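> Dropping a structure here in structure tokens format, bear with me for questions.
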Amino acid sequence: MSEFFDAPEDDNFASAGLRLTVDLTALTENWRDMARRSGAARASAVVKADAYGMGIEDAGEALYMAGARDFFVATVDEGVTLRLYAPEARIFVLSGIWPGTERRFFDNDLVPVISSDEQLAFWMAVLADYGDYPCALHVDTGFNRLGLHIDDAIALADDVSRPASFAPVLVMSHLACADDPTHAMNRQQLESFHRVSAAYEGIDSSLAASAGIFLGEDYHFDLTRPGIALYGGEAVSGMANPMRPVATAEARIIQVRNVEAGETVSYGRALQLNRKSRLAIASAGYADGYMRSQSSGGVPLRQAVPQGGQGFIAGHKVPVAGRITMDLTIFDITDLPDNAVRAGDYVELFGKNMPVDDVARTSGTIGYEILTSMGLRHERRYVAEE
């Protein structure tokens, strides 16, 4: 039985063209699961990208109420929003601090993650003007994305001339290949990060995101950073996903039409029907994050992976027919019983019956991209399902 937090039966959700249901119980249970897997380390919650598309306000509040007290966001704007829903939490801003944003950090008690020489120099100047204030240091251990050079970070720890007000509360790095537990890069980065954590003895250290948590306690340090796993996504390649699904996306069927054998479907005549067929036209397309690469034909990916995307309706999986378009997707419902699908019904694009990572594979991408690509046109509701 579901409890609806904010959705009376006659609200916009009931008739939305594209709708997203977020199970907050599944979200918080996934966080508790990752907290248990983190062992002696504390588990934070990564809520960047609008909580991976789930809504930073409701998702952030649910995670805070579940016990999360450390959060990671991508931007200062996300941090300002989250502060309203996680009043006593420590909120780290992964993009760091830039001139003109100082007051927003201070006024909202946000912790900048310093990840470059330029940011470090600016931060030192900020401390000279404002006094003591916490920060985190991001150190690159081989990812070559963000982070201070490891030798520079270690030298900084030993620099007796650094300002006394410079007092990082966290040193962190990020694993490049944790989704492959056998990859040698994992151990190489672990060994490099041990050098960093040793240099900053007494300060919290963090290396493992979702996939890194599954690598075991050697990678956990003081604080873990689960992200995709919280939202039901697959963190480790080739391993059965133990997380509960959190999001279900559905699109309304606008029309059901009968089409004769030999006719073609959608742009480019990419699909020619070999039988008399029934097609359901759904109100979601690539403008909504339902990726064009899932088309059943007429896109480059289908040359390598013949199986296109599928939806779920009336208890059955149904294939995408032809190319996905900007606002619409066509599904072949010929094999369903007559009258099983009518205009106004909803087809599941991903969710409990269509795992998001399975959908991602037919798109040639990963679950992260599917979740975070859902467009602004969806209506969202939150439920708590036991």
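How things are named: the first chain in the structure tokens is A, the next is B, and so on; residues count from 1 in each chain; ligands count from 1 in the order shown.
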Report as a PyMOL selection string all protein, DNA and RNA residues lying within 12 Å of region 130-134 of chain A, evaluated on only C-alpha atoms, omitting residues in the same chain fewer than 3 positions from it.
chain A and resi 90-93+102-103+105-107+109-114+123-127+137+163-171+203
> Might you pull out every residue within 8 Å of Glu234 (chain A), with only C-alpha atoms counted and same-chain residues fewer than 6 positions away left off, and present them as a ChimeraX atom specification?
/A:228,241,243,357,367
> Could the residues in this selection be written to a file with N, CA, C and O atoms, as a PDB file, in the first residue's frame?

ATOM      1  N   ILE A 228      25.003   6.766  -7.024  1.00  0.00           N
ATOM      2  CA  ILE A 228      24.082   6.045  -7.912  1.00  0.00           C
ATOM      3  C   ILE A 228      23.370   4.910  -7.193  1.00  0.00           C
ATOM      4  O   ILE A 228      22.194   4.631  -7.458  1.00  0.00           O
ATOM      5  N   ASN A 241      22.572  -6.430  -9.179  1.00  0.00           N
ATOM      6  CA  ASN A 241      22.349  -5.175  -8.465  1.00  0.00           C
ATOM      7  C   ASN A 241      21.524  -5.429  -7.202  1.00  0.00           C
ATOM      8  O   ASN A 241      20.366  -5.845  -7.291  1.00  0.00           O
ATOM      9  N   MET A 243      20.463  -3.191  -5.038  1.00  0.00           N
ATOM     10  CA  MET A 243      19.739  -2.014  -4.571  1.00  0.00           C
ATOM     11  C   MET A 243      18.268  -2.071  -4.989  1.00  0.00           C
ATOM     12  O   MET A 243      17.906  -2.652  -6.011  1.00  0.00           O
ATOM     13  N   ASP A 357      19.096   0.273 -15.589  1.00  0.00           N
ATOM     14  CA  ASP A 357      20.356  -0.103 -16.226  1.00  0.00           C
ATOM     15  C   ASP A 357      20.136  -0.984 -17.452  1.00  0.00           C
ATOM     16  O   ASP A 357      20.929  -0.947 -18.392  1.00  0.00           O
ATOM     17  N   GLY A 367      23.078   3.855 -16.452  1.00  0.00           N
ATOM     18  CA  GLY A 367      21.893   4.279 -15.719  1.00  0.00           C
ATOM     19  C   GLY A 367      21.961   5.707 -15.219  1.00  0.00           C
ATOM     20  O   GLY A 367      20.943   6.403 -15.157  1.00  0.00           O
TER      21      GLY A 367
END
> Which of these residues is nearest to Glu88 (chain A), using only C-alpha atoms: A:Leu146, A:Met65, A:Ala270, A:Ile253?
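Closest residue, counting only C-alpha atoms: A:Met65.
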> Tell me which of A:Thr362, A:Gln189, A:Thr141, A:Thr224 sits closest to Gly308 (chain A), counting only C-alpha atoms.
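Answer, going by the shortest atom-to-atom distance: A:Thr362.
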> Could you check which of A:Val76, A:Met239, A:Ile366, A:Leu27 is closest to Asp58 (chain A), using only C-alpha atoms?
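That would be A:Leu27, the residue with the smallest distance to Asp58 (chain A).
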> Mind dumping a table of every region 278-369 of chain A residue within 12 Å of region 12-26 of chain A, with the nearest atom pair and its distance in Å to one decimal, using only C-alpha atoms, sorted by chain and rising number, as a tab-separated table?

residue	atom	partner	partner_atom	distance
A:Ile281	CA	A:Gly17	CA	11.5
A:Ala282	CA	A:Gly17	CA	8.3
A:Ser283	CA	A:Gly17	CA	5.6
A:Ala284	CA	A:Leu18	CA	6.4
A:Gly285	CA	A:Leu18	CA	9.8
A:Ala287	CA	A:Leu18	CA	11.3
A:Asp288	CA	A:Leu18	CA	8.2
A:Gly289	CA	A:Leu18	CA	10.7
A:Tyr290	CA	A:Leu18	CA	10.6
A:Asp327	CA	A:Gly17	CA	10.0
A:Leu328	CA	A:Gly17	CA	10.2
A:Thr329	CA	A:Leu18	CA	11.8
A:Ala343	CA	A:Gly17	CA	11.6
A:Gly344	CA	A:Ser15	CA	8.2
A:Asp345	CA	A:Ser15	CA	9.8
A:Tyr346	CA	A:Gly17	CA	8.8
A:Val347	CA	A:Leu18	CA	9.7
A:Glu348	CA	A:Arg19	CA	9.6
A:Leu349	CA	A:Leu18	CA	9.7
A:Phe350	CA	A:Leu20	CA	9.6
A:Gly351	CA	A:Thr21	CA	8.9
A:Lys352	CA	A:Asp23	CA	10.7
> Just the residues within 10 Å of Val299 (chain A), please, counting only C-alpha atoms, with nothing from its chain fewer than 6 positions along; format it as a list in words.
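Non-adjacent residues within range: Ala270, Arg292, Ser293, Gly308, Gly322, Arg323 and Ile324 of chain A.
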> Write the selection just made, keeping C-alpha atoms, as a short mmCIF file (atom, residue, chain, number, x, y, z; two decimals), in the first residue's frame?

data_model
loop_
_atom_site.label_atom_id
_atom_site.label_comp_id
_atom_site.auth_asym_id
_atom_site.auth_seq_id
_atom_site.Cartn_x
_atom_site.Cartn_y
_atom_site.Cartn_z
CA ALA A 270 13.51 2.81 -40.43
CA ARG A 292 16.89 8.42 -29.50
CA SER A 293 19.54 5.70 -29.42
CA GLY A 308 16.27 -1.64 -29.33
CA GLY A 322 10.98 2.85 -35.48
CA ARG A 323 12.85 5.97 -34.45
CA ILE A 324 12.16 7.79 -31.20
#
> Please run DSSP on the backbone and report, as a PDB file with all heavy atoms, in the first residue's frame, all residues within region 29-152 of chain A that come out as strand (DSSP E).

ATOM      1  N   ARG A  42      31.592   6.350   8.090  1.00  0.00           N
ATOM      2  CA  ARG A  42      30.291   6.995   7.956  1.00  0.00           C
ATOM      3  C   ARG A  42      29.916   7.032   6.479  1.00  0.00           C
ATOM      4  O   ARG A  42      30.776   7.196   5.613  1.00  0.00           O
ATOM      5  CB  ARG A  42      30.318   8.430   8.495  1.00  0.00           C
ATOM      6  CG  ARG A  42      30.694   8.550   9.947  1.00  0.00           C
ATOM      7  CD  ARG A  42      30.463   9.964  10.474  1.00  0.00           C
ATOM      8  NE  ARG A  42      30.875  11.013   9.566  1.00  0.00           N
ATOM      9  CZ  ARG A  42      32.128  11.436   9.428  1.00  0.00           C
ATOM     10  NH1 ARG A  42      33.112  10.849  10.105  1.00  0.00           N
ATOM     11  NH2 ARG A  42      32.416  12.425   8.611  1.00  0.00           N
ATOM     12  N   ALA A  43      28.636   6.937   6.211  1.00  0.00           N
ATOM     13  CA  ALA A  43      28.142   7.053   4.837  1.00  0.00           C
ATOM     14  C   ALA A  43      27.514   8.422   4.639  1.00  0.00           C
ATOM     15  O   ALA A  43      26.627   8.826   5.397  1.00  0.00           O
ATOM     16  CB  ALA A  43      27.123   5.966   4.526  1.00  0.00           C
ATOM     17  N   ALA A  45      25.739  11.142   1.653  1.00  0.00           N
ATOM     18  CA  ALA A  45      24.770  10.997   0.569  1.00  0.00           C
ATOM     19  C   ALA A  45      25.115  11.995  -0.522  1.00  0.00           C
ATOM     20  O   ALA A  45      25.232  13.191  -0.252  1.00  0.00           O
ATOM     21  CB  ALA A  45      23.346  11.229   1.072  1.00  0.00           C
ATOM     22  N   VAL A  46      25.277  11.514  -1.727  1.00  0.00           N
ATOM     23  CA  VAL A  46      25.565  12.374  -2.867  1.00  0.00           C
ATOM     24  C   VAL A  46      24.237  12.724  -3.529  1.00  0.00           C
ATOM     25  O   VAL A  46      23.509  11.846  -3.985  1.00  0.00           O
ATOM     26  CB  VAL A  46      26.508  11.681  -3.863  1.00  0.00           C
ATOM     27  CG1 VAL A  46      26.776  12.591  -5.062  1.00  0.00           C
ATOM     28  CG2 VAL A  46      27.819  11.303  -3.176  1.00  0.00           C
ATOM     29  N   ASP A  70      26.271  13.982   6.248  1.00  0.00           N
ATOM     30  CA  ASP A  70      27.245  14.533   5.305  1.00  0.00           C
ATOM     31  C   ASP A  70      26.656  14.394   3.909  1.00  0.00           C
ATOM     32  O   ASP A  70      26.210  13.305   3.526  1.00  0.00           O
ATOM     33  CB  ASP A  70      28.576  13.775   5.383  1.00  0.00           C
ATOM     34  CG  ASP A  70      29.250  13.919   6.726  1.00  0.00           C
ATOM     35  OD1 ASP A  70      29.951  14.925   6.927  1.00  0.00           O
ATOM     36  OD2 ASP A  70      29.073  13.021   7.583  1.00  0.00           O
ATOM     37  N   PHE A  71      26.656  15.489   3.154  1.00  0.00           N
ATOM     38  CA  PHE A  71      26.094  15.492   1.810  1.00  0.00           C
ATOM     39  C   PHE A  71      27.103  16.095   0.841  1.00  0.00           C
ATOM     40  O   PHE A  71      27.897  16.974   1.206  1.00  0.00           O
ATOM     41  CB  PHE A  71      24.803  16.314   1.754  1.00  0.00           C
ATOM     42  CG  PHE A  71      23.628  15.682   2.441  1.00  0.00           C
ATOM     43  CD1 PHE A  71      23.459  15.792   3.817  1.00  0.00           C
ATOM     44  CD2 PHE A  71      22.678  14.977   1.716  1.00  0.00           C
ATOM     45  CE1 PHE A  71      22.374  15.215   4.461  1.00  0.00           C
ATOM     46  CE2 PHE A  71      21.583  14.397   2.338  1.00  0.00           C
ATOM     47  CZ  PHE A  71      21.427  14.518   3.723  1.00  0.00           C
ATOM     48  N   PHE A  72      27.022  15.641  -0.416  1.00  0.00           N
ATOM     49  CA  PHE A  72      27.833  16.210  -1.479  1.00  0.00           C
ATOM     50  C   PHE A  72      26.907  16.704  -2.585  1.00  0.00           C
ATOM     51  O   PHE A  72      26.024  15.967  -3.052  1.00  0.00           O
ATOM     52  CB  PHE A  72      28.812  15.172  -2.039  1.00  0.00           C
ATOM     53  CG  PHE A  72      29.957  14.874  -1.108  1.00  0.00           C
ATOM     54  CD1 PHE A  72      29.804  13.936  -0.098  1.00  0.00           C
ATOM     55  CD2 PHE A  72      31.168  15.544  -1.231  1.00  0.00           C
ATOM     56  CE1 PHE A  72      30.843  13.661   0.783  1.00  0.00           C
ATOM     57  CE2 PHE A  72      32.213  15.272  -0.364  1.00  0.00           C
ATOM     58  CZ  PHE A  72      32.054  14.326   0.653  1.00  0.00           C
ATOM     59  N   VAL A  73      27.110  17.958  -2.989  1.00  0.00           N
ATOM     60  CA  VAL A  73      26.387  18.559  -4.103  1.00  0.00           C
ATOM     61  C   VAL A  73      27.402  19.024  -5.136  1.00  0.00           C
ATOM     62  O   VAL A  73      28.598  19.105  -4.855  1.00  0.00           O
ATOM     63  CB  VAL A  73      25.507  19.737  -3.643  1.00  0.00           C
ATOM     64  CG1 VAL A  73      24.440  19.268  -2.662  1.00  0.00           C
ATOM     65  CG2 VAL A  73      26.362  20.841  -3.013  1.00  0.00           C
ATOM     66  N   ARG A  90      26.506  18.594   7.201  1.00  0.00           N
ATOM     67  CA  ARG A  90      27.710  19.168   6.607  1.00  0.00           C
ATOM     68  C   ARG A  90      27.582  18.974   5.100  1.00  0.00           C
ATOM     69  O   ARG A  90      27.470  17.842   4.618  1.00  0.00           O
ATOM     70  CB  ARG A  90      28.947  18.450   7.158  1.00  0.00           C
ATOM     71  CG  ARG A  90      30.253  19.119   6.819  1.00  0.00           C
ATOM     72  CD  ARG A  90      31.394  18.579   7.672  1.00  0.00           C
ATOM     73  NE  ARG A  90      31.617  17.147   7.507  1.00  0.00           N
ATOM     74  CZ  ARG A  90      32.725  16.520   7.910  1.00  0.00           C
ATOM     75  NH1 ARG A  90      33.700  17.194   8.498  1.00  0.00           N
ATOM     76  NH2 ARG A  90      32.844  15.223   7.747  1.00  0.00           N
ATOM     77  N   ILE A  91      27.575  20.065   4.364  1.00  0.00           N
ATOM     78  CA  ILE A  91      27.310  20.022   2.921  1.00  0.00           C
ATOM     79  C   ILE A  91      28.567  20.448   2.168  1.00  0.00           C
ATOM     80  O   ILE A  91      29.027  21.590   2.295  1.00  0.00           O
ATOM     81  CB  ILE A  91      26.118  20.930   2.545  1.00  0.00           C
ATOM     82  CG1 ILE A  91      24.854  20.495   3.305  1.00  0.00           C
ATOM     83  CG2 ILE A  91      25.887  20.904   1.044  1.00  0.00           C
ATOM     84  CD1 ILE A  91      23.672  21.428   3.109  1.00  0.00           C
ATOM     85  N   PHE A  92      29.112  19.532   1.373  1.00  0.00           N
ATOM     86  CA  PHE A  92      30.317  19.787   0.595  1.00  0.00           C
ATOM     87  C   PHE A  92      29.926  20.135  -0.843  1.00  0.00           C
ATOM     88  O   PHE A  92      29.102  19.442  -1.457  1.00  0.00           O
ATOM     89  CB  PHE A  92      31.214  18.547   0.572  1.00  0.00           C
ATOM     90  CG  PHE A  92      31.780  18.174   1.920  1.00  0.00           C
ATOM     91  CD1 PHE A  92      31.125  17.263   2.733  1.00  0.00           C
ATOM     92  CD2 PHE A  92      32.956  18.745   2.381  1.00  0.00           C
ATOM     93  CE1 PHE A  92      31.639  16.905   3.968  1.00  0.00           C
ATOM     94  CE2 PHE A  92      33.486  18.405   3.616  1.00  0.00           C
ATOM     95  CZ  PHE A  92      32.816  17.484   4.415  1.00  0.00           C
ATOM     96  N   VAL A  93      30.539  21.181  -1.386  1.00  0.00           N
ATOM     97  CA  VAL A  93      30.269  21.628  -2.755  1.00  0.00           C
ATOM     98  C   VAL A  93      31.438  21.204  -3.637  1.00  0.00           C
ATOM     99  O   VAL A  93      32.543  21.737  -3.532  1.00  0.00           O
ATOM    100  CB  VAL A  93      30.062  23.154  -2.813  1.00  0.00           C
ATOM    101  CG1 VAL A  93      29.806  23.603  -4.249  1.00  0.00           C
ATOM    102  CG2 VAL A  93      28.905  23.559  -1.897  1.00  0.00           C
ATOM    103  N   LEU A 110      28.261  26.208   3.911  1.00  0.00           N
ATOM    104  CA  LEU A 110      28.657  25.212   2.920  1.00  0.00           C
ATOM    105  C   LEU A 110      30.175  25.056   2.932  1.00  0.00           C
ATOM    106  O   LEU A 110      30.900  26.025   3.166  1.00  0.00           O
ATOM    107  CB  LEU A 110      28.188  25.637   1.530  1.00  0.00           C
ATOM    108  CG  LEU A 110      26.695  25.968   1.385  1.00  0.00           C
ATOM    109  CD1 LEU A 110      26.402  26.442  -0.032  1.00  0.00           C
ATOM    110  CD2 LEU A 110      25.828  24.770   1.755  1.00  0.00           C
ATOM    111  N   VAL A 111      30.639  23.861   2.655  1.00  0.00           N
ATOM    112  CA  VAL A 111      32.071  23.572   2.685  1.00  0.00           C
ATOM    113  C   VAL A 111      32.581  23.422   1.253  1.00  0.00           C
ATOM    114  O   VAL A 111      32.179  22.499   0.541  1.00  0.00           O
ATOM    115  CB  VAL A 111      32.367  22.286   3.474  1.00  0.00           C
ATOM    116  CG1 VAL A 111      33.873  22.021   3.535  1.00  0.00           C
ATOM    117  CG2 VAL A 111      31.774  22.368   4.871  1.00  0.00           C
ATOM    118  N   PRO A 112      33.451  24.302   0.799  1.00  0.00           N
ATOM    119  CA  PRO A 112      33.977  24.171  -0.559  1.00  0.00           C
ATOM    120  C   PRO A 112      34.994  23.038  -0.651  1.00  0.00           C
ATOM    121  O   PRO A 112      35.796  22.828   0.263  1.00  0.00           O
ATOM    122  CB  PRO A 112      34.649  25.523  -0.816  1.00  0.00           C
ATOM    123  CG  PRO A 112      35.069  25.988   0.543  1.00  0.00           C
ATOM    124  CD  PRO A 112      34.018  25.487   1.503  1.00  0.00           C
ATOM    125  N   VAL A 113      34.952  22.317  -1.771  1.00  0.00           N
ATOM    126  CA  VAL A 113      35.950  21.296  -2.057  1.00  0.00           C
ATOM    127  C   VAL A 113      36.990  21.935  -2.980  1.00  0.00           C
ATOM    128  O   VAL A 113      36.703  22.253  -4.134  1.00  0.00           O
ATOM    129  CB  VAL A 113      35.322  20.056  -2.711  1.00  0.00           C
ATOM    130  CG1 VAL A 113      36.399  19.024  -3.054  1.00  0.00           C
ATOM    131  CG2 VAL A 113      34.274  19.439  -1.779  1.00  0.00           C
ATOM    132  N   ILE A 114      38.193  22.145  -2.470  1.00  0.00           N
ATOM    133  CA  ILE A 114      39.255  22.808  -3.224  1.00  0.00           C
ATOM    134  C   ILE A 114      39.967  21.766  -4.082  1.00  0.00           C
ATOM    135  O   ILE A 114      40.482  20.776  -3.567  1.00  0.00           O
ATOM    136  CB  ILE A 114      40.254  23.480  -2.264  1.00  0.00           C
ATOM    137  CG1 ILE A 114      39.515  24.404  -1.277  1.00  0.00           C
ATOM    138  CG2 ILE A 114      41.328  24.218  -3.035  1.00  0.00           C
ATOM    139  CD1 ILE A 114      38.726  25.499  -1.921  1.00  0.00           C
ATOM    140  N   CYS A 135      37.223  23.704   4.868  1.00  0.00           N
ATOM    141  CA  CYS A 135      37.223  23.340   3.453  1.00  0.00           C
ATOM    142  C   CYS A 135      37.555  21.859   3.350  1.00  0.00           C
ATOM    143  O   CYS A 135      37.927  21.211   4.329  1.00  0.00           O
ATOM    144  CB  CYS A 135      38.225  24.168   2.650  1.00  0.00           C
ATOM    145  SG  CYS A 135      39.953  23.721   2.950  1.00  0.00           S
ATOM    146  N   ALA A 136      37.420  21.312   2.170  1.00  0.00           N
ATOM    147  CA  ALA A 136      37.881  19.966   1.849  1.00  0.00           C
ATOM    148  C   ALA A 136      38.892  20.076   0.725  1.00  0.00           C
ATOM    149  O   ALA A 136      38.847  21.014  -0.080  1.00  0.00           O
ATOM    150  CB  ALA A 136      36.717  19.073   1.429  1.00  0.00           C
ATOM    151  N   LEU A 137      39.814  19.128   0.667  1.00  0.00           N
ATOM    152  CA  LEU A 137      40.801  19.076  -0.410  1.00  0.00           C
ATOM    153  C   LEU A 137      40.550  17.852  -1.270  1.00  0.00           C
ATOM    154  O   LEU A 137      40.460  16.734  -0.755  1.00  0.00           O
ATOM    155  CB  LEU A 137      42.223  19.014   0.151  1.00  0.00           C
ATOM    156  CG  LEU A 137      42.736  20.214   0.923  1.00  0.00           C
ATOM    157  CD1 LEU A 137      44.169  19.956   1.359  1.00  0.00           C
ATOM    158  CD2 LEU A 137      42.659  21.477   0.080  1.00  0.00           C
ATOM    159  N   HIS A 138      40.433  18.087  -2.566  1.00  0.00           N
ATOM    160  CA  HIS A 138      40.306  16.988  -3.527  1.00  0.00           C
ATOM    161  C   HIS A 138      41.676  16.777  -4.168  1.00  0.00           C
ATOM    162  O   HIS A 138      42.230  17.699  -4.771  1.00  0.00           O
ATOM    163  CB  HIS A 138      39.259  17.339  -4.587  1.00  0.00           C
ATOM    164  CG  HIS A 138      38.933  16.211  -5.506  1.00  0.00           C
ATOM    165  ND1 HIS A 138      37.850  16.236  -6.361  1.00  0.00           N
ATOM    166  CD2 HIS A 138      39.523  15.016  -5.725  1.00  0.00           C
ATOM    167  CE1 HIS A 138      37.793  15.108  -7.058  1.00  0.00           C
ATOM    168  NE2 HIS A 138      38.811  14.369  -6.684  1.00  0.00           N
ATOM    169  N   VAL A 139      42.198  15.562  -4.035  1.00  0.00           N
ATOM    170  CA  VAL A 139      43.529  15.238  -4.534  1.00  0.00           C
ATOM    171  C   VAL A 139      43.398  14.223  -5.668  1.00  0.00           C
ATOM    172  O   VAL A 139      42.684  13.221  -5.542  1.00  0.00           O
ATOM    173  CB  VAL A 139      44.414  14.664  -3.405  1.00  0.00           C
ATOM    174  CG1 VAL A 139      45.810  14.370  -3.923  1.00  0.00           C
ATOM    175  CG2 VAL A 139      44.460  15.635  -2.230  1.00  0.00           C
ATOM    176  N   ASP A 140      44.062  14.477  -6.764  1.00  0.00           N
ATOM    177  CA  ASP A 140      44.011  13.554  -7.905  1.00  0.00           C
ATOM    178  C   ASP A 140      44.989  12.402  -7.684  1.00  0.00           C
ATOM    179  O   ASP A 140      46.184  12.615  -7.481  1.00  0.00           O
ATOM    180  CB  ASP A 140      44.367  14.290  -9.196  1.00  0.00           C
ATOM    181  CG  ASP A 140      44.370  13.339 -10.383  1.00  0.00           C
ATOM    182  OD1 ASP A 140      43.395  12.590 -10.531  1.00  0.00           O
ATOM    183  OD2 ASP A 140      45.359  13.339 -11.144  1.00  0.00           O
ATOM    184  N   LEU A 148      44.017  18.404  -6.767  1.00  0.00           N
ATOM    185  CA  LEU A 148      45.386  18.873  -6.636  1.00  0.00           C
ATOM    186  C   LEU A 148      46.353  17.739  -6.966  1.00  0.00           C
ATOM    187  O   LEU A 148      46.057  16.559  -6.719  1.00  0.00           O
ATOM    188  CB  LEU A 148      45.640  19.338  -5.204  1.00  0.00           C
ATOM    189  CG  LEU A 148      44.783  20.497  -4.681  1.00  0.00           C
ATOM    190  CD1 LEU A 148      44.974  20.640  -3.179  1.00  0.00           C
ATOM    191  CD2 LEU A 148      45.124  21.790  -5.399  1.00  0.00           C
ATOM    192  N   HIS A 149      47.498  18.077  -7.528  1.00  0.00           N
ATOM    193  CA  HIS A 149      48.519  17.056  -7.760  1.00  0.00           C
ATOM    194  C   HIS A 149      48.922  16.464  -6.414  1.00  0.00           C
ATOM    195  O   HIS A 149      49.069  17.170  -5.411  1.00  0.00           O
ATOM    196  CB  HIS A 149      49.728  17.680  -8.461  1.00  0.00           C
ATOM    197  CG  HIS A 149      50.714  16.673  -8.949  1.00  0.00           C
ATOM    198  ND1 HIS A 149      51.640  16.077  -8.118  1.00  0.00           N
ATOM    199  CD2 HIS A 149      50.929  16.150 -10.189  1.00  0.00           C
ATOM    200  CE1 HIS A 149      52.368  15.224  -8.807  1.00  0.00           C
ATOM    201  NE2 HIS A 149      51.959  15.251 -10.078  1.00  0.00           N
TER     202      HIS A 149
END
> Just how far from CA of Ser44 (chain A) is CA of Ala68 (chain A), in Å to one decimal?
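Atom-to-atom, CA of Ala68 (chain A) to CA of Ser44 (chain A), that is 5.9 Å.
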> Using only C-alpha atoms, what does the table of region 283-349 of chain A residues within 9 Å of region 256-262 of chain A look like, with each row giving the shortest atom pair and its distance in Å to one decimal, sorted by chain and ascending number, as a Markdown table?

| residue | atom | partner | partner_atom | distance |
| --- | --- | --- | --- | --- |
| A:Ile333 | CA | A:Val256 | CA | 8.9 |
| A:Val341 | CA | A:Val256 | CA | 7.7 |
| A:Arg342 | CA | A:Val256 | CA | 6.5 |
| A:Ala343 | CA | A:Val256 | CA | 6.2 |
> Here is a test: counting only C-alpha atoms, which residue of A:Gly364, A:Asp180, A:Arg104, A:Arg275 is nearest to Gln303 (chain A)?
A:Gly364
> Which value, in Å to one decimal, gives the distance between CA of Leu371 (chain A) and CA of Val356 (chain A)?
7.6 Å
> Please indicate the distance in Å from CA of Phe331 (chain A) to CA of Met54 (chain A), rounded to one decimal place.
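Pair CA of Phe331 (chain A) / CA of Met54 (chain A) returns 25.8 Å.
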> Which of region 183-342 of chain A counts as alpha helix (DSSP H) under DSSP, as a PyMOL selection string please?
chain A and resi 184-199+210-214+301-304
> Report as a PDB file with N, CA, C and O atoms, in the first residue's frame all protein, DNA and RNA residues lying within 7 Å of Asp332 (chain A), evaluated on only C-alpha atoms, omitting residues in the same chain fewer than 6 positions from it.

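Output contents, as saved in out.pdb:
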ATOM      1  N   ARG A 278      -0.607  -3.256 -34.308  1.00  0.00           N
ATOM      2  CA  ARG A 278      -1.184  -2.189 -33.500  1.00  0.00           C
ATOM      3  C   ARG A 278      -0.048  -1.440 -32.825  1.00  0.00           C
ATOM      4  O   ARG A 278       0.861  -2.044 -32.243  1.00  0.00           O
ATOM      5  N   LEU A 279      -0.092  -0.130 -32.916  1.00  0.00           N
ATOM      6  CA  LEU A 279       0.963   0.722 -32.377  1.00  0.00           C
ATOM      7  C   LEU A 279       0.387   1.672 -31.335  1.00  0.00           C
ATOM      8  O   LEU A 279      -0.708   2.218 -31.520  1.00  0.00           O
ATOM      9  N   ALA A 280       1.137   1.864 -30.248  1.00  0.00           N
ATOM     10  CA  ALA A 280       0.758   2.815 -29.206  1.00  0.00           C
ATOM     11  C   ALA A 280       1.745   3.960 -29.232  1.00  0.00           C
ATOM     12  O   ALA A 280       2.964   3.741 -29.158  1.00  0.00           O
ATOM     13  N   VAL A 318       7.019  -4.390 -24.359  1.00  0.00           N
ATOM     14  CA  VAL A 318       6.663  -4.101 -25.746  1.00  0.00           C
ATOM     15  C   VAL A 318       7.810  -3.331 -26.384  1.00  0.00           C
ATOM     16  O   VAL A 318       8.402  -2.450 -25.763  1.00  0.00           O
ATOM     17  N   PRO A 319       8.175  -3.646 -27.636  1.00  0.00           N
ATOM     18  CA  PRO A 319       9.338  -3.012 -28.257  1.00  0.00           C
ATOM     19  C   PRO A 319       9.032  -1.625 -28.805  1.00  0.00           C
ATOM     20  O   PRO A 319       7.907  -1.332 -29.238  1.00  0.00           O
ATOM     21  N   VAL A 320      10.059  -0.774 -28.781  1.00  0.00           N
ATOM     22  CA  VAL A 320       9.989   0.497 -29.503  1.00  0.00           C
ATOM     23  C   VAL A 320       9.895   0.185 -30.990  1.00  0.00           C
ATOM     24  O   VAL A 320      10.576  -0.717 -31.504  1.00  0.00           O
ATOM     25  N   ALA A 321       9.051   0.925 -31.695  1.00  0.00           N
ATOM     26  CA  ALA A 321       8.868   0.730 -33.137  1.00  0.00           C
ATOM     27  C   ALA A 321       9.403   1.949 -33.877  1.00  0.00           C
ATOM     28  O   ALA A 321       8.914   3.065 -33.693  1.00  0.00           O
TER      29      ALA A 321
END
> Excluding Glu78 (chain A) and any residue of its chain fewer than 5 positions from it, enumerate the residues within 9 Å of it, using only C-alpha atoms, and give them as a list in words.
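My list of contacting residues is Val47, Lys48, Ala49, Asp50, Ile56, Val73, Arg83 and Val93 of chain A.
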